[in-house]
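Structure first, commentary second.
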Amino acid sequence: MGEEPPNASQAALAVMAARADRRAFDELHQRLSASLRALLERRGLTPPEAEELAARAWAGAWEACTRARYDPRRAAFSTFLFAIAHNLWVTSLRARPGPALSPDLLAGAEATAGMPAPEAAEAIDALRAVLRGDLGDLTERERLALRLSAQGSGDREIAERLGVAPSTAHATKQAAYAKLRRVLGHLGLGEGPERDGRLGE
Amino acid sequence: MNDDRLNALLRLAIEAEALDAPAPRAVPRARKGAVILRRIGGWMAVAAAATLAFVVVLGRVGSPGPTPPLATSAGPPTVMPAPTKGEPAMLLALFRGADSACECVVWREAHFGGRAIGDVAPSELVEAVLKDPCAASRGDLLLVVGLQGPREHLPPTQEAARVLANCLATGTDHCGEDVGCNGAGAASCIPAGVSIATGTLAMNTRP
């Protein structure tokens, strides 16, 4: 290994971790573990619960790395880890029924329905790239409309932020959705788990 | 993919951005590194302890220990449905050869008297698959995964099931009959919202 993991970028560490490099994986753990636990706590888990679920997500990620099932070209490591944790979280909800979910949390739980973690990670990573402006041909206004909409803003609030009429904000949002679908379609990510069989081939 | 699902995925993307935000390091490097290795090792140790040679074993996956408290924001609450009698249970069985290669894959709906997959006895899970023609002469090791969840969460076609089988096969090909190892290996393969139970059987020890 030519580069010391502590100085490496996350992308470089992901490439090394994907080859089951334990030092690189440990460094990724160093960098991301606190954020993952915090994220899970924001979903309502207590610190011990978040710790437990995060540990399971890390174990799953390590298994994926050792079995060459994580491809850093398809998703950032952080997104892959997030997808595993998200799926575990969703499954835990189903395993322990009873408590109620807010509509937002329920929608989040259903968002990756039918998607194994590698596929969910790829879709989520593509959307992160779109929001950053690194992927797709969305305008800055369209990206802002998407972000605001995802954060719960309605057409009227989006219109205020964009300085346009609500109808224009709605049209901007719809145009952005259409472009998003094209981006996901080009990646083969729009039609469910049966789309091409490449995950295990 | 409709607008609502796109929006929900976008929300996940925004949430995932937080993972890359700088976070304080509360634990010294060496110690923390040891923690993750110990954890992963711990999983394997637990798995090893659970392994029983020459007998059918069953492991529950998808039922993490802690109960997450929910309902954290305003608005009318919605209950996340638990696996119910009405939801289909599917069996995915991998018959593996001596080199762990997949010799035969079975994917079909299973009926266990309307019970949730978690309530199905280990012997029933495996016995259901042993009736399949695949079991006649193929493979040294059998891995059975029972899956239960909303139909839209489960692989809709044989081809989709084969994708899932490939993922499971790759992720667990070193596990043998080790239930915990198989469970950890399956963690990144199983779609969200699907509860599973795994069972293994050393075929070459069958009576």
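Residues are named by chain letter and number: chains run A, B, ... in the order of the structure tokens, numbers start at 1 in each chain, and ligands are numbered from 1 in the order shown.
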
Residues of stretch 124-200 of chain B classed as helix (DSSP H, G or I) by DSSP on the backbone are to be reported as a VMD selection string. chain B and resid 124 to 130 133 to 136 151 to 153 158 to 172 179 to 186

Please, could you write that set of residues out with N, CA and C atoms as an mmCIF file, in the first residue's frame?
```
data_model
loop_
_atom_site.group_PDB
_atom_site.id
_atom_site.type_symbol
_atom_site.label_atom_id
_atom_site.label_comp_id
_atom_site.auth_asym_id
_atom_site.auth_seq_id
_atom_site.Cartn_x
_atom_site.Cartn_y
_atom_site.Cartn_z
ATOM 1 N N GLU B 124 -39.266 -27.602 9.327
ATOM 2 C CA GLU B 124 -40.268 -27.339 8.295
ATOM 3 C C GLU B 124 -39.651 -26.562 7.141
ATOM 4 N N LEU B 125 -38.841 -25.578 7.487
ATOM 5 C CA LEU B 125 -38.226 -24.721 6.472
ATOM 6 C C LEU B 125 -37.366 -25.553 5.523
ATOM 7 N N VAL B 126 -36.558 -26.386 6.105
ATOM 8 C CA VAL B 126 -35.662 -27.195 5.283
ATOM 9 C C VAL B 126 -36.411 -28.324 4.589
ATOM 10 N N GLU B 127 -37.312 -28.940 5.313
ATOM 11 C CA GLU B 127 -38.072 -30.041 4.720
ATOM 12 C C GLU B 127 -38.838 -29.590 3.485
ATOM 13 N N ALA B 128 -39.340 -28.370 3.534
ATOM 14 C CA ALA B 128 -40.113 -27.865 2.399
ATOM 15 C C ALA B 128 -39.269 -27.830 1.138
ATOM 16 N N VAL B 129 -37.988 -27.560 1.312
ATOM 17 C CA VAL B 129 -37.102 -27.458 0.150
ATOM 18 C C VAL B 129 -36.589 -28.828 -0.259
ATOM 19 N N LEU B 130 -36.458 -29.699 0.692
ATOM 20 C CA LEU B 130 -35.938 -31.029 0.376
ATOM 21 C C LEU B 130 -36.895 -31.820 -0.507
ATOM 22 N N PRO B 133 -37.146 -31.126 -6.572
ATOM 23 C CA PRO B 133 -36.285 -31.977 -7.400
ATOM 24 C C PRO B 133 -34.812 -31.596 -7.301
ATOM 25 N N CYS B 134 -34.544 -30.330 -7.029
ATOM 26 C CA CYS B 134 -33.164 -29.867 -6.885
ATOM 27 C C CYS B 134 -32.404 -30.704 -5.861
ATOM 28 N N ALA B 135 -33.117 -31.131 -4.857
ATOM 29 C CA ALA B 135 -32.462 -31.786 -3.734
ATOM 30 C C ALA B 135 -32.080 -33.226 -4.037
ATOM 31 N N ALA B 136 -32.542 -33.733 -5.170
ATOM 32 C CA ALA B 136 -32.361 -35.151 -5.440
ATOM 33 C C ALA B 136 -30.897 -35.566 -5.432
ATOM 34 N N ARG B 151 -45.396 -7.932 -1.082
ATOM 35 C CA ARG B 151 -45.038 -8.543 -2.360
ATOM 36 C C ARG B 151 -44.134 -7.639 -3.183
ATOM 37 N N GLU B 152 -44.379 -6.327 -3.098
ATOM 38 C CA GLU B 152 -43.584 -5.413 -3.923
ATOM 39 C C GLU B 152 -42.137 -5.309 -3.432
ATOM 40 N N HIS B 153 -41.870 -5.821 -2.244
ATOM 41 C CA HIS B 153 -40.500 -5.800 -1.730
ATOM 42 C C HIS B 153 -39.720 -7.054 -2.132
ATOM 43 N N GLN B 158 -38.374 -14.896 -11.422
ATOM 44 C CA GLN B 158 -37.309 -15.871 -11.197
ATOM 45 C C GLN B 158 -35.944 -15.237 -11.445
ATOM 46 N N GLU B 159 -35.894 -14.396 -12.450
ATOM 47 C CA GLU B 159 -34.616 -13.761 -12.780
ATOM 48 C C GLU B 159 -34.158 -12.855 -11.635
ATOM 49 N N ALA B 160 -35.105 -12.099 -11.084
ATOM 50 C CA ALA B 160 -34.766 -11.229 -9.951
ATOM 51 C C ALA B 160 -34.337 -12.068 -8.750
ATOM 52 N N ALA B 161 -35.000 -13.196 -8.575
ATOM 53 C CA ALA B 161 -34.619 -14.081 -7.469
ATOM 54 C C ALA B 161 -33.214 -14.620 -7.675
ATOM 55 N N ARG B 162 -32.866 -14.885 -8.926
ATOM 56 C CA ARG B 162 -31.513 -15.389 -9.205
ATOM 57 C C ARG B 162 -30.463 -14.321 -8.877
ATOM 58 N N VAL B 163 -30.826 -13.053 -9.123
ATOM 59 C CA VAL B 163 -29.915 -11.966 -8.752
ATOM 60 C C VAL B 163 -29.682 -11.988 -7.243
ATOM 61 N N LEU B 164 -30.779 -12.116 -6.511
ATOM 62 C CA LEU B 164 -30.667 -12.184 -5.051
ATOM 63 C C LEU B 164 -29.854 -13.411 -4.634
ATOM 64 N N ALA B 165 -30.109 -14.524 -5.302
ATOM 65 C CA ALA B 165 -29.377 -15.753 -4.981
ATOM 66 C C ALA B 165 -27.882 -15.575 -5.230
ATOM 67 N N ASN B 166 -27.546 -14.911 -6.312
ATOM 68 C CA ASN B 166 -26.132 -14.674 -6.609
ATOM 69 C C ASN B 166 -25.478 -13.821 -5.532
ATOM 70 N N CYS B 167 -26.221 -12.807 -5.107
ATOM 71 C CA CYS B 167 -25.698 -11.938 -4.047
ATOM 72 C C CYS B 167 -25.476 -12.755 -2.772
ATOM 73 N N LEU B 168 -26.461 -13.565 -2.424
ATOM 74 C CA LEU B 168 -26.336 -14.393 -1.221
ATOM 75 C C LEU B 168 -25.196 -15.395 -1.365
ATOM 76 N N ALA B 169 -25.100 -15.972 -2.538
ATOM 77 C CA ALA B 169 -24.069 -16.991 -2.743
ATOM 78 C C ALA B 169 -22.677 -16.381 -2.593
ATOM 79 N N THR B 170 -22.494 -15.207 -3.181
ATOM 80 C CA THR B 170 -21.199 -14.549 -3.094
ATOM 81 C C THR B 170 -20.884 -14.132 -1.667
ATOM 82 N N GLY B 171 -21.914 -13.664 -0.992
ATOM 83 C CA GLY B 171 -21.683 -13.136 0.352
ATOM 84 C C GLY B 171 -21.519 -14.197 1.420
ATOM 85 N N THR B 172 -21.933 -15.398 1.112
ATOM 86 C CA THR B 172 -21.924 -16.416 2.171
ATOM 87 C C THR B 172 -21.130 -17.655 1.775
ATOM 88 N N VAL B 179 -24.600 -20.210 10.818
ATOM 89 C CA VAL B 179 -25.808 -19.411 10.660
ATOM 90 C C VAL B 179 -25.523 -17.913 10.795
ATOM 91 N N GLY B 180 -24.753 -17.552 11.798
ATOM 92 C CA GLY B 180 -24.457 -16.133 12.003
ATOM 93 C C GLY B 180 -23.682 -15.552 10.848
ATOM 94 N N CYS B 181 -22.731 -16.322 10.345
ATOM 95 C CA CYS B 181 -21.949 -15.888 9.196
ATOM 96 C C CYS B 181 -22.857 -15.706 7.987
ATOM 97 N N ASN B 182 -23.753 -16.640 7.768
ATOM 98 C CA ASN B 182 -24.693 -16.511 6.654
ATOM 99 C C ASN B 182 -25.571 -15.274 6.829
ATOM 100 N N GLY B 183 -25.970 -15.013 8.062
ATOM 101 C CA GLY B 183 -26.804 -13.841 8.318
ATOM 102 C C GLY B 183 -26.074 -12.549 8.030
ATOM 103 N N ALA B 184 -24.822 -12.464 8.486
ATOM 104 C CA ALA B 184 -24.043 -11.246 8.231
ATOM 105 C C ALA B 184 -23.779 -11.088 6.740
ATOM 106 N N GLY B 185 -23.501 -12.189 6.083
ATOM 107 C CA GLY B 185 -23.246 -12.124 4.650
ATOM 108 C C GLY B 185 -24.461 -11.698 3.855
ATOM 109 N N ALA B 186 -25.620 -12.000 4.393
ATOM 110 C CA ALA B 186 -26.853 -11.666 3.679
ATOM 111 C C ALA B 186 -27.298 -10.232 3.937
#
```

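Residues within 9 Å of A:Ala54, counting only C-alpha atoms and excluding same-chain residues fewer than 5 positions away, are Ser33, Leu36, Arg37, Leu40, Glu49, Ala59 and Ala85 of chain A.
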
Those residues with C-alpha atoms, as a PDB file, in the first residue's frame please?
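Result file follows (part-v3.pdb):
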```pdb
ATOM      1  CA  SER A  33     -18.813   5.783  12.734  1.00  0.00           C
ATOM      2  CA  LEU A  36     -23.607   7.001  11.392  1.00  0.00           C
ATOM      3  CA  ARG A  37     -24.548   6.676  15.033  1.00  0.00           C
ATOM      4  CA  LEU A  40     -29.471   6.705  13.516  1.00  0.00           C
ATOM      5  CA  GLU A  49     -29.751   1.035  19.885  1.00  0.00           C
ATOM      6  CA  ALA A  59     -20.290  -5.921   9.928  1.00  0.00           C
ATOM      7  CA  ALA A  85     -27.918   0.745   7.848  1.00  0.00           C
TER       8      ALA A  85
END
```

Given only C-alpha atoms as the counted atoms, nearest of A:Leu138, A:Met115, A:Ala120, A:Ala169 to chain B: A:Met115

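Considering only C-alpha atoms, the residue among B:Met90, B:Met203, B:Ala192, B:Leu142 positioned nearest to chain A is B:Ala192.
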
What is the distance, in Å and to one decimal place, between atom CA of B:Val194 and atom CA of B:Val144? 15.1 Å

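Residues surrounding A:Gly152 within 12 Å are Pro103, Asp104, Ala107, Ala145, Leu146 and Ile158 of chain A; Asp4, Asn7, Ala8, Leu10 and Arg11 of chain B [only C-alpha atoms; sequence separation below 6 positions excluded].
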
Emit the selected residues as a compact mmCIF listing (two decimals), in the first residue's frame, including N, CA and C atoms.
```
# COMPACT_ATOMS: atom_id res chain seq x y z
N PRO A 103 -45.37 10.13 8.66
CA PRO A 103 -45.42 9.92 7.21
C PRO A 103 -44.06 10.04 6.55
N ASP A 104 -43.25 10.99 7.02
CA ASP A 104 -41.93 11.16 6.42
C ASP A 104 -41.06 9.92 6.63
N ALA A 107 -42.34 7.08 4.51
CA ALA A 107 -41.95 7.23 3.10
C ALA A 107 -40.48 6.87 2.93
N ALA A 145 -35.00 23.33 -6.09
CA ALA A 145 -36.41 22.92 -5.97
C ALA A 145 -36.51 21.49 -5.44
N LEU A 146 -35.65 20.62 -5.96
CA LEU A 146 -35.66 19.23 -5.49
C LEU A 146 -35.30 19.15 -4.02
N ILE A 158 -41.37 26.83 -2.09
CA ILE A 158 -40.33 26.76 -3.12
C ILE A 158 -40.38 28.01 -3.98
N ASP B 4 -43.49 10.69 -5.39
CA ASP B 4 -43.35 10.50 -3.95
C ASP B 4 -42.12 9.64 -3.62
N ASN B 7 -39.04 11.59 -4.25
CA ASN B 7 -38.85 12.55 -3.17
C ASN B 7 -38.28 11.86 -1.92
N ALA B 8 -38.79 10.68 -1.64
CA ALA B 8 -38.29 9.95 -0.47
C ALA B 8 -36.83 9.54 -0.68
N LEU B 10 -34.72 11.16 -2.51
CA LEU B 10 -33.95 12.40 -2.37
C LEU B 10 -33.71 12.73 -0.90
N ARG B 11 -34.74 12.46 -0.11
CA ARG B 11 -34.58 12.73 1.33
C ARG B 11 -33.48 11.83 1.91
```
